[in-house]
>>> print(open('start_28.tsv').read())   # TSV, C-alpha atoms and all ligand atoms
chain	number	residue	atom	x	y	z
A	1	ALA	CA	-14.12	20.06	17.45
A	2	THR	CA	-11.40	22.69	17.44
A	3	TYR	CA	-12.21	26.35	16.86
A	4	GLU	CA	-10.11	29.33	15.88
A	5	VAL	CA	-11.50	32.39	17.67
A	6	THR	CA	-11.04	35.99	16.51
A	7	ALA	CA	-12.63	39.05	18.07
A	8	SER	CA	-12.79	42.62	16.80
A	9	PRO	CA	-14.36	45.62	18.55
A	10	VAL	CA	-17.52	47.04	17.07
A	11	GLU	CA	-18.81	50.48	17.93
A	12	GLY	CA	-22.36	51.48	17.19
A	13	GLU	CA	-24.39	54.62	17.95
A	14	ASP	CA	-25.61	53.62	21.36
A	15	ALA	CA	-23.75	50.44	22.05
A	16	ARG	CA	-20.31	48.98	22.08
A	17	GLY	CA	-19.48	45.40	21.52
A	18	ALA	CA	-17.26	42.94	19.84
A	19	LEU	CA	-17.65	40.73	16.85
A	20	VAL	CA	-16.50	37.22	17.67
A	21	THR	CA	-15.85	34.81	14.83
A	22	LEU	CA	-15.59	31.08	15.38
A	23	VAL	CA	-14.07	29.00	12.63
A	24	ASP	CA	-14.23	25.23	12.85
A	25	ILE	CA	-10.67	24.10	12.07
A	26	THR	CA	-11.15	20.47	13.15
A	27	GLU	CA	-10.48	19.18	9.66
A	28	ARG	CA	-7.41	21.37	9.15
A	29	GLU	CA	-6.04	20.17	12.50
A	30	GLN	CA	-6.65	16.55	11.53
A	31	VAL	CA	-4.86	16.95	8.21
A	32	GLY	CA	-1.94	18.52	10.07
A	33	GLN	CA	-1.89	15.64	12.53
A	34	ILE	CA	-1.95	13.03	9.76
A	35	ARG	CA	0.96	14.78	8.06
A	36	ARG	CA	2.98	14.93	11.29
A	37	ASP	CA	2.29	11.24	11.97
A	38	PHE	CA	3.39	10.38	8.44
A	39	VAL	CA	6.69	12.25	8.77
A	40	ALA	CA	7.31	10.61	12.13
A	41	ASN	CA	6.57	7.17	10.64
A	42	VAL	CA	8.83	7.69	7.63
A	43	SER	CA	11.66	8.90	9.87
A	44	HIS	CA	11.29	5.90	12.12
A	45	GLU	CA	11.14	3.45	9.20
A	46	LEU	CA	14.33	4.92	7.73
A	47	LYS	CA	16.12	5.24	11.02
A	48	THR	CA	15.84	1.58	11.96
A	49	PRO	CA	17.86	0.17	9.03
A	50	LEU	CA	20.20	3.17	9.14
A	51	THR	CA	21.06	2.55	12.80
A	52	ALA	CA	21.72	-1.11	12.02
A	53	LEU	CA	23.98	-0.16	9.10
A	54	LEU	CA	26.00	2.32	11.18
A	55	GLY	CA	26.40	-0.26	13.94
A	56	PHE	CA	27.74	-2.88	11.53
A	57	ILE	CA	30.09	-0.39	9.89
A	58	GLU	CA	31.59	0.37	13.33
A	59	THR	CA	32.02	-3.35	14.04
A	60	LEU	CA	33.63	-3.92	10.65
A	61	LYS	CA	36.07	-1.10	11.24
A	62	GLY	CA	36.97	-2.44	14.68
A	63	PRO	CA	36.49	-5.87	16.26
A	64	ALA	CA	35.49	-7.74	13.08
A	65	ARG	CA	38.24	-6.26	10.88
A	66	ASN	CA	40.22	-9.51	10.66
A	67	ASP	CA	37.40	-11.96	11.16
A	68	ALA	CA	36.46	-13.10	7.64
A	69	PRO	CA	33.39	-15.24	8.52
A	70	ALA	CA	31.93	-12.48	10.73
A	71	ARG	CA	32.60	-9.93	8.00
A	72	ASP	CA	30.64	-12.00	5.47
A	73	ARG	CA	27.76	-12.42	7.87
A	74	PHE	CA	27.63	-8.70	8.62
A	75	LEU	CA	27.82	-7.74	4.96
A	76	THR	CA	24.83	-9.98	4.23
A	77	ILE	CA	22.81	-8.25	6.94
A	78	MET	CA	23.94	-4.82	5.74
A	79	GLU	CA	22.83	-5.65	2.23
A	80	ARG	CA	19.41	-6.66	3.51
A	81	GLU	CA	19.04	-3.44	5.47
A	82	ALA	CA	20.12	-1.32	2.50
A	83	GLU	CA	17.62	-3.16	0.30
A	84	ARG	CA	14.92	-2.42	2.86
A	85	MET	CA	15.70	1.30	2.66
A	86	ASN	CA	15.70	1.09	-1.10
A	87	ARG	CA	12.23	-0.49	-1.18
A	88	LEU	CA	10.93	2.07	1.28
A	89	VAL	CA	12.16	5.01	-0.80
A	90	ARG	CA	10.79	3.40	-3.98
A	91	ASP	CA	7.34	2.93	-2.38
A	92	LEU	CA	7.33	6.46	-0.95
A	93	LEU	CA	8.04	7.88	-4.40
A	94	SER	CA	5.32	5.70	-5.91
A	95	LEU	CA	2.84	6.79	-3.27
A	96	SER	CA	3.52	10.48	-3.81
A	97	ARG	CA	3.22	10.04	-7.58
A	98	VAL	CA	-0.10	8.19	-7.42
A	99	GLU	CA	-1.46	10.72	-4.93
A	100	ALA	CA	-0.52	13.58	-7.21
A	101	GLU	CA	-2.17	11.88	-10.19
A	102	GLU	CA	-5.28	10.75	-8.34
A	103	ARG	CA	-7.46	13.47	-9.84
A	104	MET	CA	-6.32	12.91	-13.41
A	105	ARG	CA	-8.55	10.40	-15.15
A	106	PRO	CA	-6.50	7.83	-17.08
A	107	GLU	CA	-7.14	8.13	-20.81
A	108	ASP	CA	-5.53	5.11	-22.42
A	109	ARG	CA	-7.52	2.07	-23.40
A	110	VAL	CA	-5.75	-0.87	-21.84
A	111	ASP	CA	-6.34	-4.61	-21.85
A	112	VAL	CA	-6.65	-5.62	-18.16
A	113	ALA	CA	-6.47	-9.33	-18.99
A	114	ALA	CA	-3.04	-8.86	-20.59
A	115	LEU	CA	-1.88	-6.75	-17.62
A	116	VAL	CA	-3.00	-9.47	-15.18
A	117	GLU	CA	-1.20	-12.11	-17.26
A	118	SER	CA	2.00	-10.11	-17.36
A	119	SER	CA	1.90	-9.42	-13.60
A	120	VAL	CA	1.50	-13.14	-12.94
A	121	LEU	CA	4.36	-13.92	-15.29
A	122	THR	CA	6.68	-11.49	-13.46
A	123	LEU	CA	5.85	-13.09	-10.12
A	124	ARG	CA	6.20	-16.74	-11.18
A	125	PRO	CA	9.82	-16.97	-9.94
A	126	MET	CA	8.86	-15.49	-6.55
A	127	ALA	CA	5.99	-17.99	-6.26
A	128	ALA	CA	8.28	-20.86	-7.23
A	129	ASP	CA	10.82	-19.83	-4.56
A	130	ALA	CA	8.04	-19.75	-1.95
A	131	LYS	CA	6.70	-23.11	-3.24
A	132	VAL	CA	3.37	-21.48	-3.97
A	133	ALA	CA	1.19	-22.67	-6.87
A	134	LEU	CA	0.12	-19.52	-8.70
A	135	THR	CA	-2.84	-19.93	-11.04
A	136	VAL	CA	-4.71	-17.48	-13.23
A	137	SER	CA	-8.16	-17.87	-14.76
A	138	GLY	CA	-10.45	-15.84	-16.99
A	139	ALA	CA	-7.67	-13.75	-18.51
A	140	SER	CA	-7.44	-15.35	-21.96
A	141	ALA	CA	-9.61	-12.85	-23.87
A	142	PRO	CA	-8.95	-9.08	-23.87
A	143	VAL	CA	-10.93	-6.87	-21.48
A	144	TRP	CA	-10.73	-3.15	-22.18
A	145	VAL	CA	-10.78	-0.39	-19.58
A	146	ARG	CA	-9.62	3.22	-19.44
A	147	GLY	CA	-6.50	2.94	-17.37
A	148	ASP	CA	-2.87	3.54	-16.67
A	149	ALA	CA	-1.08	0.31	-17.59
A	150	ASP	CA	1.92	0.75	-15.26
A	151	GLN	CA	-0.28	1.61	-12.30
A	152	LEU	CA	-2.66	-1.31	-12.87
A	153	VAL	CA	0.32	-3.67	-13.06
A	154	GLN	CA	1.45	-2.19	-9.75
A	155	VAL	CA	-1.95	-2.95	-8.22
A	156	PHE	CA	-1.92	-6.57	-9.40
A	157	THR	CA	1.71	-7.21	-8.44
A	158	ASN	CA	1.23	-5.70	-4.95
A	159	LEU	CA	-1.78	-7.93	-4.30
A	160	ILE	CA	-0.21	-11.08	-5.75
A	161	GLU	CA	3.08	-10.44	-3.89
A	162	ASN	CA	1.15	-10.12	-0.61
A	163	ALA	CA	-0.79	-13.30	-1.34
A	164	ILE	CA	2.49	-15.16	-1.94
A	165	LYS	CA	4.15	-13.60	1.14
A	166	TYR	CA	1.28	-14.17	3.57
A	167	GLY	CA	-0.28	-17.14	1.79
A	168	GLY	CA	2.01	-19.67	3.38
A	169	SER	CA	4.59	-21.96	1.85
A	170	GLY	CA	3.14	-24.84	-0.15
A	171	GLY	CA	-0.09	-22.92	-0.58
A	172	ARG	CA	-2.12	-21.87	-3.55
A	173	VAL	CA	-2.71	-18.37	-4.89
A	174	GLU	CA	-5.49	-17.87	-7.42
A	175	VAL	CA	-5.89	-14.83	-9.61
A	176	MET	CA	-9.32	-14.67	-11.21
A	177	LEU	CA	-10.68	-12.25	-13.71
A	178	GLU	CA	-14.38	-11.98	-14.39
A	179	THR	CA	-16.37	-9.58	-16.51
A	180	SER	CA	-19.99	-8.70	-16.02
A	181	ALA	CA	-22.37	-6.71	-18.17
A	182	ARG	CA	-23.76	-5.01	-15.07
A	183	GLU	CA	-21.23	-4.73	-12.27
A	184	LEU	CA	-23.25	-3.74	-9.20
A	185	ALA	CA	-20.75	-1.12	-8.09
A	186	PHE	CA	-21.12	0.90	-11.33
A	187	ARG	CA	-24.52	-0.15	-12.69
A	188	GLY	CA	-22.72	-0.76	-15.95
A	189	PRO	CA	-20.22	-3.14	-17.50
A	190	GLY	CA	-17.32	-3.93	-15.24
A	191	VAL	CA	-14.46	-6.27	-14.61
A	192	ARG	CA	-13.48	-7.82	-11.33
A	193	ILE	CA	-10.06	-9.16	-10.43
A	194	ASP	CA	-9.78	-11.38	-7.34
A	195	VAL	CA	-6.54	-12.40	-5.69
A	196	VAL	CA	-7.19	-15.26	-3.29
A	197	ASP	CA	-4.84	-17.01	-0.90
A	198	HIS	CA	-5.33	-19.74	1.68
A	199	GLY	CA	-2.79	-18.49	4.17
A	200	GLU	CA	-2.72	-16.86	7.56
A	201	GLY	CA	-5.55	-14.37	6.97
A	202	PHE	CA	-6.43	-11.83	9.67
A	203	ASP	CA	-9.24	-10.65	11.89
A	204	PRO	CA	-11.66	-8.56	9.78
A	205	VAL	CA	-11.47	-5.76	12.40
A	206	HIS	CA	-8.24	-4.71	10.64
A	207	ILE	CA	-9.90	-4.27	7.24
A	208	PRO	CA	-10.92	-0.58	7.55
A	209	ARG	CA	-7.35	0.44	8.46
A	210	LEU	CA	-5.43	-1.86	6.13
A	211	THR	CA	-5.06	0.74	3.37
A	212	GLU	CA	-3.57	3.35	5.75
A	213	ARG	CA	0.10	4.04	5.21
A	214	PHE	CA	2.31	1.88	7.43
A	215	TYR	CA	-0.63	0.02	8.96
A	216	ARG	CA	0.29	-3.63	9.46
A	217	VAL	CA	-1.59	-6.48	11.09
A	218	ASP	CA	1.66	-7.89	12.42
A	219	SER	CA	4.63	-5.52	12.19
A	220	HIS	CA	7.21	-8.15	13.00
A	221	ARG	CA	5.90	-10.47	10.30
A	222	SER	CA	5.69	-7.68	7.71
A	223	ARG	CA	9.30	-6.64	8.35
A	224	GLU	CA	10.48	-10.22	8.26
A	225	MET	CA	8.88	-10.53	4.80
A	226	GLY	CA	10.55	-7.30	3.69
A	227	GLY	CA	7.30	-5.31	3.62
A	228	THR	CA	7.17	-1.51	3.67
A	229	GLY	CA	3.57	-1.21	4.88
A	230	LEU	CA	2.75	1.02	1.89
A	231	GLY	CA	1.59	-1.51	-0.69
A	232	LEU	CA	-2.14	-1.40	0.02
A	233	ALA	CA	-2.14	2.41	0.42
A	234	ILE	CA	-0.70	2.61	-3.11
A	235	VAL	CA	-3.34	0.16	-4.36
A	236	LYS	CA	-6.15	2.24	-2.85
A	237	HIS	CA	-5.02	5.48	-4.54
A	238	ILE	CA	-4.62	3.81	-7.93
A	239	VAL	CA	-8.04	2.16	-7.71
A	240	ASN	CA	-9.59	5.53	-6.75
A	241	ARG	CA	-7.96	7.16	-9.73
A	242	HIS	CA	-9.60	4.52	-11.94
A	243	ARG	CA	-13.01	5.14	-10.31
A	244	GLY	CA	-12.87	1.52	-9.20
A	245	ARG	CA	-13.71	-0.31	-5.98
A	246	PHE	CA	-11.41	-2.21	-3.67
A	247	ARG	CA	-12.78	-4.91	-1.39
A	248	ILE	CA	-10.99	-6.98	1.25
A	249	GLU	CA	-12.25	-10.15	2.93
A	250	SER	CA	-10.35	-12.41	5.28
A	251	THR	CA	-10.73	-15.23	7.77
A	252	PRO	CA	-7.94	-15.93	10.27
A	253	ARG	CA	-6.00	-19.11	9.42
A	254	GLU	CA	-8.12	-19.66	6.31
A	255	GLY	CA	-7.02	-16.96	3.92
A	256	SER	CA	-7.90	-13.70	2.23
A	257	ARG	CA	-9.53	-12.33	-0.87
A	258	PHE	CA	-8.60	-8.95	-2.32
A	259	SER	CA	-10.97	-7.80	-5.09
A	260	ILE	CA	-10.67	-4.93	-7.51
A	261	MET	CA	-13.68	-3.81	-9.56
A	262	LEU	CA	-13.08	-1.55	-12.55
A	263	PRO	CA	-15.58	0.02	-14.92
A	264	ALA	CA	-15.16	-1.50	-18.40
A	265	SER	CA	-14.99	0.80	-21.41
B	301	LIG	P1	3.40	-4.81	3.68
B	301	LIG	O1	4.51	-4.19	2.95
B	301	LIG	O2	3.58	-4.82	5.17
B	301	LIG	O3	3.00	-6.15	3.14
B	301	LIG	P2	0.86	-3.77	2.65
B	301	LIG	O4	0.36	-2.37	2.66
B	301	LIG	O5	1.03	-4.45	1.36
B	301	LIG	O6	2.20	-3.75	3.49
B	301	LIG	O7	-0.12	-4.63	3.55
B	301	LIG	C1	-0.47	-4.15	4.84
B	301	LIG	C2	-0.67	-5.30	5.82
B	301	LIG	O8	-1.80	-6.07	5.42
B	301	LIG	C3	0.48	-6.30	5.87
B	301	LIG	O9	1.48	-5.88	6.75
B	301	LIG	C4	-0.22	-7.56	6.34
B	301	LIG	O10	-0.33	-7.51	7.75
B	301	LIG	C5	-1.62	-7.43	5.76
B	301	LIG	N1	-1.81	-8.23	4.52
B	301	LIG	C6	-1.78	-7.79	3.26
B	301	LIG	N2	-2.04	-8.77	2.38
B	301	LIG	C7	-2.27	-9.88	3.12
B	301	LIG	C8	-2.61	-11.26	2.82
B	301	LIG	N3	-2.76	-11.67	1.55
B	301	LIG	N4	-2.77	-12.12	3.86
B	301	LIG	C9	-2.63	-11.70	5.14
B	301	LIG	N5	-2.30	-10.43	5.50
B	301	LIG	C10	-2.13	-9.54	4.50
>>> encode(input="start_28.tsv", output="structure tokens")
Amino acid sequence: ATYEVTASPVEGEDARGALVTLVDITEREQVGQIRRDFVANVSHELKTPLTALLGFIETLKGPARNDAPARDRFLTIMEREAERMNRLVRDLLSLSRVEAEERMRPEDRVDVAALVESSVLTLRPMAADAKVALTVSGASAPVWVRGDADQLVQVFTNLIENAIKYGGSGGRVEVMLETSARELAFRGPGVRIDVVDHGEGFDPVHIPRLTERFYRVDSHRSREMGGTGLGLAIVKHIVNRHRGRFRIESTPREGSRFSIMLPAS
């Protein structure tokens, strides 16, 4: 623990002394450390593509000026790096918005089944490109919850995108929705959404840290897939805001299951 110590002299009738106050500032120190780490991480994540861009700009101004094939190749890489920065800034903004709203209970009544369906529909082209069979079950009848529609769509798309990205080409991704009259987590009616893939999976030791910002099981792989490392942190905050539960299970080389439980209204 870390203490802040202050001392002030005390004078009594027949004694002199000092009043020493100890304040436990461990938590404050930890919050400060987390903030400093976050700023360092963001700076690093932005600096990497920026350095690459500046390097290519120099080359294009000099040696590659009259080399058309090289120019095209470099422009393609530059576009990819700029897109990476764009995604990072978009996810950072999203994260700060969901953090700010975490204490505000969502008021709207929304149909989760329709939101799951529409998330799946948006990601069909991505699945087709990755040769992944994307299936959805249990979402044909409406299921009502108090929620923020845009944020819930963000949760489902983040999880489905990950399942497609890490689920392996030629694989299968299943999105399943199930309602229960007594969801254990809330002792009341609830709905559970599972996103299951049969891809690379990971060692369960990573599970407790997976929702930390910028935590990745395999950094190289995440970057290669265009990941920002913020997706699951965003999911966690949104699920908290909805008083829901988020559960992760995985087996290396067999696949993963990401489950969201929400109280039904
Ligand atoms: P990223 O942008 O890197 O995908 P996320 O926050 O969405 O960031 O996920 C954090 C990490 O969790 C990923 O880098 C990856 O290592 C791991 N991960 C997430 N989803 C899956 C999955 N379906 N299969 C295997 N690993 C996954």
>>> closest_atom_pairs(input="start_28.tsv", of="chain A", to="ligand LIG 301 (chain B)", cutoff="7 Å", atoms="all atoms listed in the file", output="CSV")
residue,atom,partner,partner_atom,distance
A:Asn158,CA,B:LIG301,O5,6.4
A:Leu159,CA,B:LIG301,N2,6.7
A:Asn162,CA,B:LIG301,N2,4.6
A:Ala163,CA,B:LIG301,N3,3.9
A:Tyr166,CA,B:LIG301,N4,4.5
A:Gly167,CA,B:LIG301,N4,6.0
A:Asp197,CA,B:LIG301,N3,6.2
A:Gly199,CA,B:LIG301,N4,6.4
A:Glu200,CA,B:LIG301,C9,5.7
A:Gly201,CA,B:LIG301,C9,4.4
A:Phe202,CA,B:LIG301,C9,5.9
A:Leu210,CA,B:LIG301,O8,5.6
A:Thr211,CA,B:LIG301,O4,6.3
A:Arg213,CA,B:LIG301,O4,6.9
A:Phe214,CA,B:LIG301,O4,6.7
A:Tyr215,CA,B:LIG301,C1,5.9
A:Arg216,CA,B:LIG301,O9,3.7
A:Val217,CA,B:LIG301,O10,3.7
A:Asp218,CA,B:LIG301,O10,5.1
A:Ser219,CA,B:LIG301,O9,6.3
A:Ser222,CA,B:LIG301,O2,4.4
A:Arg223,CA,B:LIG301,O2,6.8
A:Gly226,CA,B:LIG301,O1,6.8
A:Gly227,CA,B:LIG301,O1,3.1
A:Thr228,CA,B:LIG301,O1,3.8
A:Gly229,CA,B:LIG301,O6,3.2
A:Leu230,CA,B:LIG301,O4,4.2
A:Gly231,CA,B:LIG301,O5,3.6
A:Leu232,CA,B:LIG301,O4,3.8
A:Ala233,CA,B:LIG301,O4,5.8
A:Gly255,CA,B:LIG301,N4,6.4
A:Ser256,CA,B:LIG301,N3,5.6
>>> atom_distance(input="start_28.tsv", atom1="CA of His237 in chain A", atom2="CA of Leu93 in chain A")
13.3 Å
>>> residues_around(input="start_28.tsv", residues="range 112-127 of chain A", least_positions_apart="5", cutoff="7 Å", atoms="all atoms listed in the file", output="list in words")
Val132, Ala133, Leu134, Ala139, Ser140, Ala141, Pro142, Val143, Trp144, Val145, Val153, Phe156, Thr157 and Ile164 of chain A
>>> residues_around(input="start_28.tsv", residues="range 174-189 of chain A", least_positions_apart="3", cutoff="7 Å", atoms="all atoms listed in the file", output="list in words")
Leu134, Thr135, Val136, Ser137, Gly138, Ala139, Arg192, Ile193, Asp194, Val195, Val196, Asp197, Pro263 and Ala264 of chain A
>>> atom_distance(input="start_28.tsv", atom1="CA of Arg28 in chain A", atom2="CA of Ala100 in chain A")
19.4 Å
>>> atom_distance(input="start_28.tsv", atom1="CA of Phe74 in chain A", atom2="CA of Phe56 in chain A")
6.5 Å
>>> closest_residue(input="start_28.tsv", among="A:Val155, A:Ile34, A:Leu75, A:Ala130", to="Arg172 in chain A", atoms="all atoms listed in the file")
A:Ala130
>>> residues_near_point(input="start_28.tsv", point="(-9.6, 25.7, 14.7)", cutoff="12 Å", atoms="all atoms listed in the file", output="PyMOL selection string")
chain A and resi 1-6+21-32
>>> residues_around(input="start_28.tsv", residues="Asp108 in chain A", least_positions_apart="5", cutoff="8 Å", atoms="all atoms listed in the file", output="list in words")
Arg146, Gly147 and Asp148 of chain A
>>> closest_residue(input="start_28.tsv", among="A:Arg253, A:Pro69, A:Gly17, A:Leu88", to="Thr48 in chain A", atoms="only C-alpha atoms")
A:Leu88
>>> closest_residue(input="start_28.tsv", among="A:Ile77, A:Ala70, A:Ala64, A:Val20", to="Ala52 in chain A", atoms="only C-alpha atoms")
A:Ile77
>>> closest_residue(input="start_28.tsv", among="A:Glu224, A:Glu102, A:Glu249, A:Glu212", to="Arg80 in chain A", atoms="only C-alpha atoms")
A:Glu224
